[in-house]
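Student: Shown below is the structure under consideration.
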Amino acid sequence: MGDPSPGIGIRTPSLPFLPTPQPLWRGRFTKNMQAHVIKALADAFVALIRRGEGTTEANEAALQRLLDQLDRARDCVEFEFDDRVYPEPPEWPYETRRALICERFERYGMYDVTDPARDLGHENMTDVGDAIDDIADIVGELSDVVWLWEHTSQGNALWYFHFSYKTHWGEHLRELKSYLLALESAQ
């Protein structure tokens with residue numbers, strides 16, 4: 001991936017005990033931000049899972065930074081819907097994704113999660129979340145966004161980014177961020 005603008009990059013330094021990772025996007029997240037930022041964030045997330053950052057600590061710092069940036073960027077790009085019919089992205093098998101993620105994030109595991117939609121009218125209903133599954137589903141959707149961007153159209157890729165966030169990976173992102181915050185607080 002080329003560096004489409006100053007302020008976009010994949011690798012970031014981290015300092016022991018005082019991580020100060022640099023964001024992929026240094027500008028403000030606004031409704032009219034450039035669409036290439038979404039592509040850069042999706043590319044960076046996929047690259048993190050495929051190649052890693054070198055150490056578990058660096059992987060975890062990069063993951064948290066990317067989750068925060070993806071969450072903020074999701075509503076910041078306007079696009080026109082592309083109604084042409086395109087081929088589907090190739091499948092990146094779940095087990096392959098999961099195996100890579102297990103290597104990169106060794107201490108992540110299962111956690112309790114409350115489903116707010118089911119909680120309405122019920123008492124303390126909880127499910128079990130899986131951080132590895134959360135990451136696997138997020139990277140699966142984002143790799144599709146990257147493929148669509150490169151093989152169909154920017155409008156199609158951005159539409160899929162928003163649609164898949166609202167219908168699937170957004171829930172994984174929110175639950176995973178809560179789990180990671182709890183892990184961090186417990187240290």
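FYI, nothing fancy with the structure tokens labels: chains A, B, ... in order, residues from 1 per chain, ligands from 1 as they appear.
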For Glu184 (chain A), please output as a PyMOL selection string all residues within 12 Å (counting only C-alpha atoms; exclusion window: fewer than 4 positions along the same chain).

Tutor: chain A and resi 57+60-61+64+107-108+177-180

Student: Can you tell me, as a VMD selection string, what residues are no more than 12 Å from Ala131 (chain A) when counting only C-alpha atoms, ignoring any on the same chain fewer than 3 positions away?

Tutor: chain A and resid 60 63 98 101 to 102 105 to 113 128 134 to 138 171 to 180 183

Student: Would you mind listing what lies within 9 Å of Pro90 (chain A) as a list in words, with only C-alpha atoms counted and same-chain residues fewer than 2 positions away left out?

Tutor: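 With the cut-off at 9 Å, the set is Pro87, Glu88, Trp92, Asp144 and Trp147 of chain A.
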
Student: What gap, in Å, lies between CA of Tyr165 (chain A) and CA of Ala42 (chain A)?

Tutor: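 For CA of Tyr165 (chain A) relative to CA of Ala42 (chain A), the distance reads 12.2 Å.
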
Student: Quote the spacing between CA of Gly155 (chain A) and CA of Asp82 (chain A) in Å to one decimal place.

Tutor: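 One can read the CA of Gly155 (chain A) to CA of Asp82 (chain A) distance as 5.5 Å.
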
Student: Go through A:Ala182, A:Ser153, A:Val139, A:Leu148 and flag the residue nearest Arg50 (chain A), using only C-alpha atoms for the distances.

Tutor: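 Under the stated criterion, the closest residue is A:Val139.
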
Student: For CA of Val146 (chain A) and CA of His36 (chain A), quote the distance in Å rounded to one decimal.

Tutor: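 About the pair CA of Val146 (chain A) and CA of His36 (chain A): they are 11.0 Å apart.
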
Student: Run DSSP on the backbone of this structure and report the residues of region 57-181 of chain A it assigns to strand (DSSP E or B), as a list in words.

Tutor: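 Filtering region 57-181 of chain A to strand (DSSP E or B) leaves Val77, Met110, Tyr111, Asp112, Val113, Thr114, Thr126, Asp127, Val128, Gly129 and Asp130 of chain A.
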
Student: Enumerate the residues of region 27-187 of chain A with a DSSP assignment of helix (DSSP H, G or I), computed from the backbone, and present them as a tab-separated table (two decimals) with N, CA and C atoms, in the first residue's frame.

Tutor:
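As written to disk, selection.tsv reads:
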```
chain	number	residue	atom	x	y	z
A	36	HIS	N	-10.18	7.60	1.20
A	36	HIS	CA	-8.99	6.75	1.26
A	36	HIS	C	-8.59	6.39	2.68
A	37	VAL	N	-9.05	7.16	3.66
A	37	VAL	CA	-8.74	6.85	5.06
A	37	VAL	C	-9.39	5.51	5.45
A	38	ILE	N	-10.61	5.28	5.00
A	38	ILE	CA	-11.27	4.00	5.28
A	38	ILE	C	-10.46	2.86	4.67
A	39	LYS	N	-10.01	3.05	3.44
A	39	LYS	CA	-9.21	2.02	2.77
A	39	LYS	C	-7.92	1.78	3.54
A	40	ALA	N	-7.26	2.86	3.97
A	40	ALA	CA	-6.00	2.72	4.72
A	40	ALA	C	-6.22	1.98	6.04
A	41	LEU	N	-7.31	2.28	6.73
A	41	LEU	CA	-7.61	1.59	7.99
A	41	LEU	C	-7.90	0.12	7.75
A	42	ALA	N	-8.69	-0.20	6.72
A	42	ALA	CA	-8.99	-1.60	6.40
A	42	ALA	C	-7.70	-2.33	6.02
A	43	ASP	N	-6.87	-1.71	5.17
A	43	ASP	CA	-5.58	-2.31	4.79
A	43	ASP	C	-4.72	-2.59	6.02
A	44	ALA	N	-4.66	-1.61	6.92
A	44	ALA	CA	-3.82	-1.75	8.11
A	44	ALA	C	-4.32	-2.87	9.02
A	45	PHE	N	-5.64	-3.00	9.16
A	45	PHE	CA	-6.20	-4.06	10.01
A	45	PHE	C	-5.87	-5.43	9.42
A	46	VAL	N	-6.07	-5.57	8.12
A	46	VAL	CA	-5.76	-6.85	7.45
A	46	VAL	C	-4.27	-7.15	7.56
A	47	ALA	N	-3.42	-6.14	7.36
A	47	ALA	CA	-1.97	-6.33	7.46
A	47	ALA	C	-1.57	-6.74	8.88
A	48	LEU	N	-2.21	-6.17	9.88
A	48	LEU	CA	-1.90	-6.54	11.26
A	48	LEU	C	-2.14	-8.04	11.48
A	49	ILE	N	-3.24	-8.55	10.96
A	49	ILE	CA	-3.54	-9.97	11.15
A	49	ILE	C	-2.63	-10.84	10.29
A	50	ARG	N	-2.40	-10.46	9.06
A	50	ARG	CA	-1.57	-11.27	8.16
A	50	ARG	C	-0.10	-11.28	8.57
A	51	ARG	N	0.44	-10.10	8.96
A	51	ARG	CA	1.88	-10.00	9.21
A	51	ARG	C	2.26	-9.71	10.65
A	56	THR	N	3.72	-9.52	20.75
A	56	THR	CA	2.34	-9.54	21.22
A	56	THR	C	1.91	-8.16	21.68
A	57	GLU	N	2.80	-7.48	22.42
A	57	GLU	CA	2.47	-6.15	22.93
A	57	GLU	C	2.23	-5.16	21.80
A	58	ALA	N	3.07	-5.20	20.78
A	58	ALA	CA	2.91	-4.30	19.63
A	58	ALA	C	1.62	-4.64	18.87
A	59	ASN	N	1.31	-5.93	18.74
A	59	ASN	CA	0.07	-6.33	18.08
A	59	ASN	C	-1.14	-5.81	18.85
A	60	GLU	N	-1.11	-5.95	20.17
A	60	GLU	CA	-2.24	-5.50	20.99
A	60	GLU	C	-2.41	-3.98	20.91
A	61	ALA	N	-1.31	-3.24	20.94
A	61	ALA	CA	-1.39	-1.78	20.85
A	61	ALA	C	-1.95	-1.37	19.48
A	62	ALA	N	-1.46	-2.01	18.43
A	62	ALA	CA	-1.95	-1.68	17.08
A	62	ALA	C	-3.43	-2.03	16.94
A	63	LEU	N	-3.84	-3.17	17.50
A	63	LEU	CA	-5.25	-3.57	17.43
A	63	LEU	C	-6.13	-2.54	18.12
A	64	GLN	N	-5.78	-2.14	19.32
A	64	GLN	CA	-6.60	-1.17	20.04
A	64	GLN	C	-6.69	0.14	19.28
A	65	ARG	N	-5.57	0.60	18.75
A	65	ARG	CA	-5.56	1.85	17.99
A	65	ARG	C	-6.46	1.74	16.75
A	66	LEU	N	-6.34	0.63	16.02
A	66	LEU	CA	-7.15	0.46	14.81
A	66	LEU	C	-8.63	0.33	15.13
A	67	LEU	N	-8.97	-0.38	16.20
A	67	LEU	CA	-10.38	-0.48	16.59
A	67	LEU	C	-10.97	0.89	16.89
A	68	ASP	N	-10.21	1.71	17.63
A	68	ASP	CA	-10.68	3.06	17.95
A	68	ASP	C	-10.86	3.88	16.68
A	69	GLN	N	-9.90	3.81	15.78
A	69	GLN	CA	-9.98	4.61	14.56
A	69	GLN	C	-11.09	4.12	13.63
A	70	LEU	N	-11.26	2.82	13.52
A	70	LEU	CA	-12.36	2.30	12.70
A	70	LEU	C	-13.71	2.73	13.27
A	71	ASP	N	-13.83	2.69	14.58
A	71	ASP	CA	-15.09	3.06	15.22
A	71	ASP	C	-15.41	4.54	14.96
A	72	ARG	N	-14.39	5.39	15.02
A	72	ARG	CA	-14.62	6.81	14.77
A	72	ARG	C	-14.85	7.11	13.29
A	73	ALA	N	-14.18	6.39	12.42
A	73	ALA	CA	-14.23	6.69	10.98
A	73	ALA	C	-15.48	6.16	10.30
A	94	TYR	N	-12.25	-19.06	7.60
A	94	TYR	CA	-12.32	-18.68	9.01
A	94	TYR	C	-11.19	-19.32	9.82
A	95	GLU	N	-10.97	-20.61	9.62
A	95	GLU	CA	-9.94	-21.30	10.42
A	95	GLU	C	-8.54	-20.74	10.16
A	96	THR	N	-8.28	-20.30	8.95
A	96	THR	CA	-6.99	-19.68	8.62
A	96	THR	C	-6.85	-18.36	9.36
A	97	ARG	N	-7.91	-17.55	9.32
A	97	ARG	CA	-7.90	-16.26	10.04
A	97	ARG	C	-7.72	-16.50	11.52
A	98	ARG	N	-8.49	-17.44	12.07
A	98	ARG	CA	-8.44	-17.72	13.51
A	98	ARG	C	-7.05	-18.15	13.95
A	99	ALA	N	-6.40	-19.01	13.16
A	99	ALA	CA	-5.05	-19.48	13.51
A	99	ALA	C	-4.06	-18.31	13.55
A	100	LEU	N	-4.12	-17.41	12.59
A	100	LEU	CA	-3.24	-16.24	12.59
A	100	LEU	C	-3.50	-15.37	13.82
A	101	ILE	N	-4.74	-15.17	14.14
A	101	ILE	CA	-5.11	-14.31	15.26
A	101	ILE	C	-4.65	-14.92	16.58
A	102	CYS	N	-4.78	-16.23	16.72
A	102	CYS	CA	-4.31	-16.90	17.94
A	102	CYS	C	-2.81	-16.70	18.13
A	103	GLU	N	-2.06	-16.68	17.04
A	103	GLU	CA	-0.61	-16.43	17.11
A	103	GLU	C	-0.32	-15.01	17.54
A	104	ARG	N	-1.10	-14.06	17.06
A	104	ARG	CA	-0.81	-12.64	17.31
A	104	ARG	C	-1.30	-12.16	18.67
A	116	PRO	N	-27.77	-6.10	25.05
A	116	PRO	CA	-28.75	-5.09	25.43
A	116	PRO	C	-30.10	-5.29	24.75
A	117	ALA	N	-30.13	-5.83	23.57
A	117	ALA	CA	-31.41	-6.05	22.88
A	117	ALA	C	-32.24	-7.10	23.61
A	118	ARG	N	-31.59	-8.11	24.14
A	118	ARG	CA	-32.32	-9.15	24.87
A	118	ARG	C	-32.62	-8.74	26.29
A	119	ASP	N	-31.86	-7.79	26.81
A	119	ASP	CA	-32.05	-7.38	28.20
A	119	ASP	C	-33.36	-6.63	28.42
A	131	ALA	N	-12.94	-13.19	22.02
A	131	ALA	CA	-12.14	-12.12	21.42
A	131	ALA	C	-11.52	-12.56	20.10
A	132	ILE	N	-11.07	-13.80	20.01
A	132	ILE	CA	-10.46	-14.29	18.78
A	132	ILE	C	-11.50	-14.32	17.65
A	133	ASP	N	-12.70	-14.77	17.96
A	133	ASP	CA	-13.78	-14.77	16.97
A	133	ASP	C	-14.15	-13.35	16.56
A	134	ASP	N	-14.18	-12.44	17.52
A	134	ASP	CA	-14.48	-11.04	17.20
A	134	ASP	C	-13.49	-10.52	16.16
A	135	ILE	N	-12.21	-10.71	16.42
A	135	ILE	CA	-11.17	-10.22	15.51
A	135	ILE	C	-11.29	-10.94	14.16
A	136	ALA	N	-11.54	-12.24	14.18
A	136	ALA	CA	-11.67	-13.01	12.93
A	136	ALA	C	-12.81	-12.48	12.08
A	137	ASP	N	-13.93	-12.16	12.70
A	137	ASP	CA	-15.07	-11.64	11.94
A	137	ASP	C	-14.80	-10.23	11.42
A	138	ILE	N	-14.17	-9.40	12.23
A	138	ILE	CA	-13.85	-8.03	11.79
A	138	ILE	C	-12.89	-8.08	10.61
A	139	VAL	N	-11.81	-8.85	10.73
A	139	VAL	CA	-10.83	-8.88	9.64
A	139	VAL	C	-11.41	-9.53	8.39
A	140	GLY	N	-12.32	-10.48	8.56
A	140	GLY	CA	-12.97	-11.08	7.39
A	140	GLY	C	-13.76	-10.04	6.61
A	141	GLU	N	-14.52	-9.22	7.32
A	141	GLU	CA	-15.31	-8.18	6.66
A	141	GLU	C	-14.41	-7.10	6.05
A	142	LEU	N	-13.36	-6.71	6.78
A	142	LEU	CA	-12.48	-5.67	6.26
A	142	LEU	C	-11.65	-6.15	5.07
A	143	SER	N	-11.30	-7.43	5.05
A	143	SER	CA	-10.60	-7.94	3.86
A	143	SER	C	-11.53	-7.93	2.66
A	144	ASP	N	-12.82	-8.15	2.87
A	144	ASP	CA	-13.79	-8.02	1.78
A	144	ASP	C	-13.87	-6.57	1.30
A	145	VAL	N	-13.83	-5.62	2.23
A	145	VAL	CA	-13.85	-4.20	1.85
A	145	VAL	C	-12.64	-3.88	0.97
A	146	VAL	N	-11.46	-4.35	1.38
A	146	VAL	CA	-10.25	-4.11	0.60
A	146	VAL	C	-10.39	-4.71	-0.80
A	147	TRP	N	-10.87	-5.95	-0.88
A	147	TRP	CA	-11.03	-6.61	-2.18
A	147	TRP	C	-12.03	-5.84	-3.05
A	148	LEU	N	-13.15	-5.46	-2.46
A	148	LEU	CA	-14.15	-4.72	-3.22
A	148	LEU	C	-13.59	-3.39	-3.73
A	149	TRP	N	-12.80	-2.73	-2.90
A	149	TRP	CA	-12.20	-1.46	-3.29
A	149	TRP	C	-11.30	-1.66	-4.51
A	150	GLU	N	-10.53	-2.73	-4.48
A	150	GLU	CA	-9.54	-2.97	-5.53
A	150	GLU	C	-10.13	-3.62	-6.79
A	151	HIS	N	-11.32	-4.27	-6.68
A	151	HIS	CA	-11.86	-5.02	-7.81
A	151	HIS	C	-13.24	-4.57	-8.28
A	154	GLN	N	-15.09	2.19	-5.51
A	154	GLN	CA	-14.98	2.81	-4.19
A	154	GLN	C	-16.35	2.89	-3.53
A	155	GLY	N	-17.37	3.27	-4.29
A	155	GLY	CA	-18.72	3.38	-3.75
A	155	GLY	C	-19.23	2.04	-3.23
A	156	ASN	N	-18.98	0.97	-3.96
A	156	ASN	CA	-19.39	-0.36	-3.54
A	156	ASN	C	-18.67	-0.77	-2.26
A	157	ALA	N	-17.36	-0.50	-2.21
A	157	ALA	CA	-16.57	-0.86	-1.02
A	157	ALA	C	-17.02	-0.07	0.20
A	158	LEU	N	-17.28	1.23	0.03
A	158	LEU	CA	-17.72	2.05	1.16
A	158	LEU	C	-19.11	1.64	1.63
A	159	TRP	N	-19.98	1.33	0.67
A	159	TRP	CA	-21.31	0.85	1.06
A	159	TRP	C	-21.17	-0.43	1.88
A	160	TYR	N	-20.34	-1.36	1.42
A	160	TYR	CA	-20.18	-2.62	2.14
A	160	TYR	C	-19.56	-2.38	3.52
A	161	PHE	N	-18.61	-1.46	3.62
A	161	PHE	CA	-18.01	-1.11	4.90
A	161	PHE	C	-19.11	-0.70	5.89
A	162	HIS	N	-19.98	0.21	5.46
A	162	HIS	CA	-21.05	0.69	6.34
A	162	HIS	C	-22.09	-0.39	6.62
A	163	PHE	N	-22.52	-1.08	5.58
A	163	PHE	CA	-23.54	-2.12	5.74
A	163	PHE	C	-23.05	-3.23	6.67
A	164	SER	N	-21.84	-3.74	6.44
A	164	SER	CA	-21.33	-4.84	7.25
A	164	SER	C	-21.05	-4.39	8.68
A	165	TYR	N	-20.68	-3.11	8.86
A	165	TYR	CA	-20.51	-2.59	10.22
A	165	TYR	C	-21.84	-2.65	10.97
A	166	LYS	N	-22.88	-2.14	10.34
A	166	LYS	CA	-24.17	-2.06	11.01
A	166	LYS	C	-24.83	-3.42	11.21
A	167	THR	N	-24.54	-4.37	10.36
A	167	THR	CA	-25.21	-5.67	10.46
A	167	THR	C	-24.36	-6.77	11.07
A	168	HIS	N	-23.04	-6.53	11.25
A	168	HIS	CA	-22.22	-7.64	11.74
A	168	HIS	C	-21.03	-7.19	12.59
A	169	TRP	N	-20.01	-6.65	11.95
A	169	TRP	CA	-18.76	-6.48	12.67
A	169	TRP	C	-18.78	-5.32	13.67
A	170	GLY	N	-19.72	-4.41	13.57
A	170	GLY	CA	-19.82	-3.33	14.55
A	170	GLY	C	-20.08	-3.86	15.95
A	171	GLU	N	-20.93	-4.87	16.05
A	171	GLU	CA	-21.20	-5.48	17.36
A	171	GLU	C	-19.94	-6.17	17.90
A	172	HIS	N	-19.22	-6.86	17.03
A	172	HIS	CA	-17.96	-7.49	17.46
A	172	HIS	C	-16.98	-6.43	17.93
A	173	LEU	N	-16.89	-5.32	17.21
A	173	LEU	CA	-15.97	-4.24	17.58
A	173	LEU	C	-16.32	-3.69	18.96
A	174	ARG	N	-17.58	-3.39	19.21
A	174	ARG	CA	-17.98	-2.82	20.51
A	174	ARG	C	-17.71	-3.80	21.65
A	175	GLU	N	-18.08	-5.06	21.47
A	175	GLU	CA	-17.86	-6.04	22.54
A	175	GLU	C	-16.36	-6.27	22.78
A	176	LEU	N	-15.59	-6.33	21.70
A	176	LEU	CA	-14.15	-6.52	21.83
A	176	LEU	C	-13.50	-5.35	22.54
A	177	LYS	N	-13.90	-4.12	22.20
A	177	LYS	CA	-13.34	-2.95	22.88
A	177	LYS	C	-13.65	-2.98	24.38
A	178	SER	N	-14.84	-3.41	24.76
A	178	SER	CA	-15.17	-3.52	26.19
A	178	SER	C	-14.30	-4.55	26.87
A	179	TYR	N	-14.10	-5.70	26.22
A	179	TYR	CA	-13.25	-6.76	26.76
A	179	TYR	C	-11.81	-6.25	26.92
A	180	LEU	N	-11.28	-5.58	25.91
A	180	LEU	CA	-9.90	-5.09	25.98
A	180	LEU	C	-9.74	-4.05	27.07
A	181	LEU	N	-10.73	-3.21	27.27
A	181	LEU	CA	-10.70	-2.23	28.35
A	181	LEU	C	-10.68	-2.95	29.71
A	182	ALA	N	-11.48	-3.99	29.85
A	182	ALA	CA	-11.50	-4.75	31.10
A	182	ALA	C	-10.14	-5.42	31.33
A	183	LEU	N	-9.54	-5.98	30.27
A	183	LEU	CA	-8.20	-6.59	30.41
A	183	LEU	C	-7.19	-5.55	30.87
A	184	GLU	N	-7.23	-4.39	30.26
A	184	GLU	CA	-6.29	-3.33	30.60
A	184	GLU	C	-6.49	-2.87	32.04
A	185	SER	N	-7.74	-2.74	32.46
A	185	SER	CA	-8.04	-2.30	33.82
A	185	SER	C	-7.60	-3.31	34.86
A	186	ALA	N	-7.61	-4.59	34.49
A	186	ALA	CA	-7.25	-5.66	35.44
A	186	ALA	C	-5.75	-5.76	35.66
```
